[in-house]
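Visitor: I have a structure here, written as structure tokens, and I will follow up with some questions on it.
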Amino acid sequence: TAQVVNASISGETTSGGRSRMSALLKQHQPELVVIELGANDALRGLALAQTQDNLIAMAQAAKSNGAKVLLLGIQMPPNYGADYAKQFESVYRQSAQKTQAHLIPFFLKGVGDDPDPLKWFQSDRIHPNAAAHPQLLANVWPEIKKMMQ
């Protein structure tokens, strides 16, 4: 049996997650930490280097506390441009490599890249709806299961 703690805050950036990480680690003493942050950084136009530094700091903090780390990568919509999208995607890959964290390169695979993605999103066109949750679980569960063994 595993206890799951959802410490997310809607609209949070990696800076916010980083500022809360130490207290959360101390309070919960997790064996596994899943970090799914960064999209709000991009939506706000924050520097990619800052996003990467924050992801690395959170992963290192979790690992220093004995937790395994899984980073969930996000991709930007095409209207951000191909160069930015490629740079943003590399933030997750580089952060995982630097910290030896596990990585799901695109958490929204099968949802955000569906030919008709709007059926999988809430009216804000940003957050997945309940119908998307089985696919998101399918994207993440195999890696979590492997990490828990």
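Residues are named by chain letter and number: chains run A, B, ... in the order of the structure tokens, numbers start at 1 in each chain, and ligands are numbered from 1 in the order shown.
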So which residues of segment 47-146 of chain A fall under strand (DSSP E or B) by DSSP, listed as a list in words?
Guide: Lys68, Val69, Leu70, Leu71, Leu72, His102, Leu103, Ile104, Phe121 and Pro128 of chain A
Visitor: Can you pull out the residues contacting Tyr92 of chain A? Cut-off 12 Å, using only C-alpha atoms, and skip same-chain residues under 3 positions away; I want them as a PDB file with N, CA and C atoms, in the first residue's frame.
Guide:
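result_22.pdb written:
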ATOM      1  N   ILE A  35       7.611  15.173 -10.126  1.00  0.00           N
ATOM      2  CA  ILE A  35       7.632  16.619 -10.353  1.00  0.00           C
ATOM      3  C   ILE A  35       7.043  16.894 -11.731  1.00  0.00           C
ATOM      4  N   GLU A  36       5.925  17.596 -11.740  1.00  0.00           N
ATOM      5  CA  GLU A  36       5.257  17.980 -12.982  1.00  0.00           C
ATOM      6  C   GLU A  36       5.039  19.487 -12.913  1.00  0.00           C
ATOM      7  N   LEU A  37       6.090  20.208 -13.191  1.00  0.00           N
ATOM      8  CA  LEU A  37       6.071  21.669 -13.165  1.00  0.00           C
ATOM      9  C   LEU A  37       6.836  22.184 -14.381  1.00  0.00           C
ATOM     10  N   GLY A  38       6.578  23.410 -14.741  1.00  0.00           N
ATOM     11  CA  GLY A  38       7.315  24.054 -15.822  1.00  0.00           C
ATOM     12  C   GLY A  38       6.419  24.701 -16.860  1.00  0.00           C
ATOM     13  N   ALA A  39       5.235  24.153 -17.055  1.00  0.00           N
ATOM     14  CA  ALA A  39       4.344  24.727 -18.068  1.00  0.00           C
ATOM     15  C   ALA A  39       3.986  26.167 -17.731  1.00  0.00           C
ATOM     16  N   LEU A  48      14.188  29.956 -19.512  1.00  0.00           N
ATOM     17  CA  LEU A  48      14.319  28.501 -19.485  1.00  0.00           C
ATOM     18  C   LEU A  48      15.432  28.056 -18.552  1.00  0.00           C
ATOM     19  N   ALA A  49      16.496  28.832 -18.457  1.00  0.00           N
ATOM     20  CA  ALA A  49      17.599  28.482 -17.552  1.00  0.00           C
ATOM     21  C   ALA A  49      17.110  28.461 -16.107  1.00  0.00           C
ATOM     22  N   THR A  51      13.979  27.857 -15.139  1.00  0.00           N
ATOM     23  CA  THR A  51      13.131  26.673 -15.011  1.00  0.00           C
ATOM     24  C   THR A  51      13.989  25.437 -14.795  1.00  0.00           C
ATOM     25  N   GLN A  52      15.042  25.302 -15.592  1.00  0.00           N
ATOM     26  CA  GLN A  52      15.925  24.146 -15.473  1.00  0.00           C
ATOM     27  C   GLN A  52      16.629  24.131 -14.116  1.00  0.00           C
ATOM     28  N   ASP A  53      17.138  25.268 -13.676  1.00  0.00           N
ATOM     29  CA  ASP A  53      17.781  25.338 -12.353  1.00  0.00           C
ATOM     30  C   ASP A  53      16.824  24.898 -11.257  1.00  0.00           C
ATOM     31  N   ASN A  54      15.577  25.324 -11.350  1.00  0.00           N
ATOM     32  CA  ASN A  54      14.587  24.964 -10.333  1.00  0.00           C
ATOM     33  C   ASN A  54      14.260  23.475 -10.362  1.00  0.00           C
ATOM     34  N   LEU A  55      14.102  22.910 -11.555  1.00  0.00           N
ATOM     35  CA  LEU A  55      13.832  21.474 -11.658  1.00  0.00           C
ATOM     36  C   LEU A  55      14.994  20.664 -11.085  1.00  0.00           C
ATOM     37  N   ILE A  56      16.215  21.074 -11.417  1.00  0.00           N
ATOM     38  CA  ILE A  56      17.394  20.378 -10.907  1.00  0.00           C
ATOM     39  C   ILE A  56      17.464  20.490  -9.387  1.00  0.00           C
ATOM     40  N   ALA A  59      14.843  18.180  -7.808  1.00  0.00           N
ATOM     41  CA  ALA A  59      15.227  16.770  -7.938  1.00  0.00           C
ATOM     42  C   ALA A  59      16.384  16.439  -7.004  1.00  0.00           C
ATOM     43  N   LEU A  70      10.883  11.294 -10.352  1.00  0.00           N
ATOM     44  CA  LEU A  70      10.337  11.172 -11.698  1.00  0.00           C
ATOM     45  C   LEU A  70       9.937  12.563 -12.174  1.00  0.00           C
ATOM     46  N   LEU A  71      10.541  12.998 -13.270  1.00  0.00           N
ATOM     47  CA  LEU A  71      10.165  14.266 -13.896  1.00  0.00           C
ATOM     48  C   LEU A  71       9.160  13.979 -15.003  1.00  0.00           C
ATOM     49  N   LEU A  72       8.086  14.766 -15.029  1.00  0.00           N
ATOM     50  CA  LEU A  72       7.084  14.643 -16.086  1.00  0.00           C
ATOM     51  C   LEU A  72       7.247  15.830 -17.022  1.00  0.00           C
ATOM     52  N   GLY A  73       7.746  15.552 -18.214  1.00  0.00           N
ATOM     53  CA  GLY A  73       7.990  16.605 -19.189  1.00  0.00           C
ATOM     54  C   GLY A  73       6.706  17.096 -19.831  1.00  0.00           C
ATOM     55  N   ILE A  74       6.728  18.360 -20.166  1.00  0.00           N
ATOM     56  CA  ILE A  74       5.614  19.030 -20.833  1.00  0.00           C
ATOM     57  C   ILE A  74       6.147  19.587 -22.141  1.00  0.00           C
ATOM     58  N   GLN A  75       5.290  19.647 -23.142  1.00  0.00           N
ATOM     59  CA  GLN A  75       5.669  20.282 -24.400  1.00  0.00           C
ATOM     60  C   GLN A  75       4.799  21.507 -24.619  1.00  0.00           C
ATOM     61  N   ALA A  85      10.027  25.423 -28.512  1.00  0.00           N
ATOM     62  CA  ALA A  85       9.512  24.107 -28.116  1.00  0.00           C
ATOM     63  C   ALA A  85      10.660  23.119 -27.919  1.00  0.00           C
ATOM     64  N   LYS A  86      11.625  23.143 -28.812  1.00  0.00           N
ATOM     65  CA  LYS A  86      12.775  22.235 -28.716  1.00  0.00           C
ATOM     66  C   LYS A  86      13.612  22.561 -27.479  1.00  0.00           C
ATOM     67  N   GLN A  87      13.847  23.840 -27.236  1.00  0.00           N
ATOM     68  CA  GLN A  87      14.620  24.253 -26.061  1.00  0.00           C
ATOM     69  C   GLN A  87      13.882  23.874 -24.776  1.00  0.00           C
ATOM     70  N   PHE A  88      12.569  24.086 -24.755  1.00  0.00           N
ATOM     71  CA  PHE A  88      11.774  23.770 -23.571  1.00  0.00           C
ATOM     72  C   PHE A  88      11.814  22.268 -23.291  1.00  0.00           C
ATOM     73  N   GLU A  89      11.673  21.468 -24.329  1.00  0.00           N
ATOM     74  CA  GLU A  89      11.727  20.007 -24.167  1.00  0.00           C
ATOM     75  C   GLU A  89      13.079  19.570 -23.615  1.00  0.00           C
ATOM     76  N   SER A  95      17.679  18.171 -17.246  1.00  0.00           N
ATOM     77  CA  SER A  95      17.477  18.112 -15.795  1.00  0.00           C
ATOM     78  C   SER A  95      17.511  16.666 -15.310  1.00  0.00           C
ATOM     79  N   ALA A  96      16.867  15.775 -16.045  1.00  0.00           N
ATOM     80  CA  ALA A  96      16.864  14.355 -15.672  1.00  0.00           C
ATOM     81  C   ALA A  96      18.272  13.771 -15.767  1.00  0.00           C
ATOM     82  N   GLN A  97      18.996  14.117 -16.822  1.00  0.00           N
ATOM     83  CA  GLN A  97      20.356  13.605 -16.975  1.00  0.00           C
ATOM     84  C   GLN A  97      21.260  14.085 -15.847  1.00  0.00           C
ATOM     85  N   LYS A  98      21.159  15.355 -15.527  1.00  0.00           N
ATOM     86  CA  LYS A  98      22.041  15.927 -14.507  1.00  0.00           C
ATOM     87  C   LYS A  98      21.782  15.335 -13.124  1.00  0.00           C
ATOM     88  N   THR A  99      20.546  14.956 -12.846  1.00  0.00           N
ATOM     89  CA  THR A  99      20.178  14.472 -11.516  1.00  0.00           C
ATOM     90  C   THR A  99      19.941  12.960 -11.467  1.00  0.00           C
ATOM     91  N   GLN A 100      20.107  12.278 -12.585  1.00  0.00           N
ATOM     92  CA  GLN A 100      19.795  10.854 -12.701  1.00  0.00           C
ATOM     93  C   GLN A 100      18.348  10.566 -12.296  1.00  0.00           C
ATOM     94  N   ALA A 101      17.463  11.512 -12.570  1.00  0.00           N
ATOM     95  CA  ALA A 101      16.032  11.312 -12.319  1.00  0.00           C
ATOM     96  C   ALA A 101      15.440  10.522 -13.481  1.00  0.00           C
ATOM     97  N   HIS A 102      14.358   9.842 -13.215  1.00  0.00           N
ATOM     98  CA  HIS A 102      13.606   9.181 -14.269  1.00  0.00           C
ATOM     99  C   HIS A 102      12.821  10.262 -15.008  1.00  0.00           C
ATOM    100  N   LEU A 103      12.473  10.000 -16.266  1.00  0.00           N
ATOM    101  CA  LEU A 103      11.811  11.018 -17.080  1.00  0.00           C
ATOM    102  C   LEU A 103      10.725  10.410 -17.948  1.00  0.00           C
ATOM    103  N   ILE A 104       9.575  11.026 -17.918  1.00  0.00           N
ATOM    104  CA  ILE A 104       8.539  10.800 -18.923  1.00  0.00           C
ATOM    105  C   ILE A 104       8.639  12.040 -19.814  1.00  0.00           C
ATOM    106  N   PRO A 105       9.152  11.908 -21.048  1.00  0.00           N
ATOM    107  CA  PRO A 105       9.417  13.097 -21.866  1.00  0.00           C
ATOM    108  C   PRO A 105       8.185  13.949 -22.166  1.00  0.00           C
ATOM    109  N   PHE A 106       7.025  13.289 -22.352  1.00  0.00           N
ATOM    110  CA  PHE A 106       5.808  14.051 -22.665  1.00  0.00           C
ATOM    111  C   PHE A 106       4.644  13.453 -21.885  1.00  0.00           C
ATOM    112  N   PHE A 107       4.370  14.045 -20.732  1.00  0.00           N
ATOM    113  CA  PHE A 107       3.322  13.581 -19.832  1.00  0.00           C
ATOM    114  C   PHE A 107       1.957  13.513 -20.525  1.00  0.00           C
TER     115      PHE A 107
END
Visitor: Could you check the closest approach to Ser64 of chain A for each of A:Pro30, A:Pro142, A:Gly81, A:Gly45 and tell me which residue wins, using only C-alpha atoms?
Guide: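 Checking each of A:Pro30, A:Pro142, A:Gly81, A:Gly45 against Ser64 of chain A, counting only C-alpha atoms, the winner is A:Pro30.
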Visitor: From the options A:Lys68, A:Arg18, A:His28, A:His133, which residue's atoms come nearest to Gln50 of chain A, counting only C-alpha atoms?
Guide: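 Result for the nearest residue to Gln50 of chain A: A:Arg18.
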